[in-house]
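Engineer: So that we are looking at the same thing, I have put the structure below in structure tokens.
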Amino acid sequence: MGNTGPAELLAIWEAGLAHHGPGRALLLHRAARPESAADELLSLPVGEREADLYALRRALFGERMQIRAECGACGEAMEFDLDARDLGVRPRKRDGPLRVAEGEWTVEFRLPTVADLDAAAHAVAGADGRAVAGAGAHAASGAGGAGDGLLSEDVGVGGPVAADGDEAAEAFMAAEGGDAAVASTAAARARRALLARCLVSVHRAGQPVPADRLPVAELPEPVQRKLAEAAERADPAADVTLNVACPACGEATRAELDIASYLWAELDHWARDLLLDVHLLATAYGWSEPQILALSPLRRRYYLELCADG
Ligand SMILES: [Zn+2]
């Protein structure tokens, strides 16, 4: 996992404060794979990055992930645990593009990379004049973090909208207090923008259609759906969708878990706690920050208890 001691993690956190979703995700990814250059990381399939981030999460904070979501039907707050070992399946290596045939259409496409995802999210944010956070209708969050930063910017092909139609997304966004119609349109547009970047070839009735001149929105709905399903099968970890039954009303809510946002929230929480420890110990003992960070967490805790007792 490279150099991920407290000082290095604090440096990553500090650098991340100047960024938003994609920049923070890249910083975390570099921490998970320090031997890889940024270009290389951006050209990986999305699920490959997610797998790296789940591995980093396990190394830093353990396997048990506490998840918080809100019931889409009655608004009940729900909390449950996931095991990080079960998440983040890496996509299979493949030569050549994926292919979908539906009716008179044959479409070849490649798996969206991290760079595709960032560009698609950016395009939608620009077109809408609003942040794309939440466009994918995700809202599962870490139990320890603040809610705000946890709406995902991930608008993957295989999201809940693609899988279930816009009704589910609308219900979910409505539950989240967002503007359902706008959000679901933005999600659909983001999905098309992402797909448009990944088309390799399109044939209709055996005739090639220039993929760069084809608005993806003009592909028939069944073709778009098959594309989404094929993408999800090929790279399941690109979107981790949770289906949570509400203990209060029994309705199921779908929420997506965005590991980059989740992990960032945890890191942010950890860093602020650690800085408080540094402040308390420096005040009490006159130690420097590097000296305090060099202590094991156990010793830090012990000295803090002694300070409190004294
Ligand atoms: Zn409920």
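Chain labels A, B, ... are given in the sequence in which chains occur in the structure tokens; within each chain residues are numbered consecutively from 1, and ligands are likewise numbered from 1 in the order shown.
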Within 9 Å of ligand 1, which residues show up when you count only C-alpha atoms and all ligand atoms? List them as a compact mmCIF listing (two decimals) with C-alpha atoms, in the first residue's frame, please.

Structural biologist:
# COMPACT_ATOMS: atom_id res chain seq x y z
CA GLU A 70 -32.25 7.04 3.90
CA CYS A 71 -35.39 5.12 2.99
CA GLY A 72 -36.70 6.37 -0.34
CA ALA A 73 -40.29 5.77 0.73
CA CYS A 74 -40.60 6.98 4.33
CA GLY A 75 -37.32 8.78 5.01
CA GLU A 76 -36.28 6.43 7.81
CA ALA A 77 -32.55 6.61 8.53
CA MET A 78 -30.96 3.19 7.96
CA ALA A 245 -35.02 -2.99 2.81
CA CYS A 246 -36.41 -0.43 5.21
CA PRO A 247 -37.04 -1.83 8.72
CA ALA A 248 -39.85 0.68 9.27
CA CYS A 249 -41.95 0.42 6.11
CA GLY A 250 -40.51 -2.59 4.29
CA GLU A 251 -39.88 -0.73 1.02
CA ALA A 252 -36.58 -1.33 -0.77
CA THR A 253 -34.30 1.60 -1.52

Engineer: Could you give me, as a ChimeraX atom specification, each residue of segment 182-285 of chain A that DSSP assigns to alpha helix (DSSP H) when run on this structure's backbone?

Structural biologist: /A:182-198,221-234,259-285

Engineer: Which polymer residues have any atom within 12 Å of an atom of Pro297 of chain A, counting only C-alpha atoms, with same-chain residues fewer than 6 positions away left out, as a list in words?

Structural biologist: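 Neighbouring residues, sequence-local ones excluded: Gly5, Pro6, Trp270, Asp273, Leu274, Asp277, Val278, Tyr303 and Leu304 of chain A.
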
Engineer: Using only C-alpha atoms, which protein or nucleic acid residues come within 7 Å of segment 97-101 of chain A? Drop anything in the same chain fewer than 6 positions from it, and give the result as a VMD selection string.

Structural biologist: chain A and resid 107 to 110 226 to 227

Engineer: Show me, as a PyMOL selection string, the residues that have an atom within 7 Å of Arg254 of chain A when counting only C-alpha atoms, minus same-chain residues fewer than 3 positions from it.

Structural biologist: chain A and resi 241-244

Engineer: Can you tell me which residues surround segment 103-106 of chain A at a distance of at most 10 Å, considering only C-alpha atoms, apart from same-chain residues fewer than 2 positions away, and format the answer as a ChimeraX atom specification?

Structural biologist: /A:99-101,108,201-209,219-220,222-223

Engineer: Between A:Leu27, A:Leu257, A:Val114, A:Leu60, which one has atoms that come closest to Gly47 of chain A, using only C-alpha atoms?

Structural biologist: A:Val114

Engineer: Which is closest to Gln66 of chain A among A:Trp13, A:Tyr285, A:Tyr54, A:Tyr262, if we use only C-alpha atoms?

Structural biologist: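 Closest candidate: A:Tyr262.
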
Engineer: Just want the 9 Å neighbourhood of Ala234 of chain A, counted on only C-alpha atoms, with same-chain residues fewer than 3 positions away dropped. Output as a PyMOL selection string.

Structural biologist: chain A and resi 91-92+98+111+229-231

Engineer: To one decimal place, how far is atom CA of Ala11 of chain A from atom CA of Arg85 of chain A in Å?

Structural biologist: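 Interatomic distance, atom CA of Ala11 of chain A to atom CA of Arg85 of chain A: 26.7 Å.
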
Engineer: Measuring between only C-alpha atoms, which one of A:Leu53, A:Cys198, A:Ala193, A:Ala308 shows the shortest distance to His122 of chain A?

Structural biologist: A:Ala193

Engineer: Which of segment 51-128 of chain A end up as strand (DSSP E or B) when DSSP is run on this backbone - answer as a list in words?

Structural biologist: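 Output for segment 51-128 of chain A, strand (DSSP E or B) only: Arg64, Met65, Gln66, Ile67, Arg68, Ala69, Glu70, Ala77, Met78, Glu79, Phe80, Asp81, Leu82, Asp83, Leu98, Arg99, Val100, Ala101, Glu102, Trp105, Thr106, Val107, Glu108, Phe109 and Thr113 of chain A.
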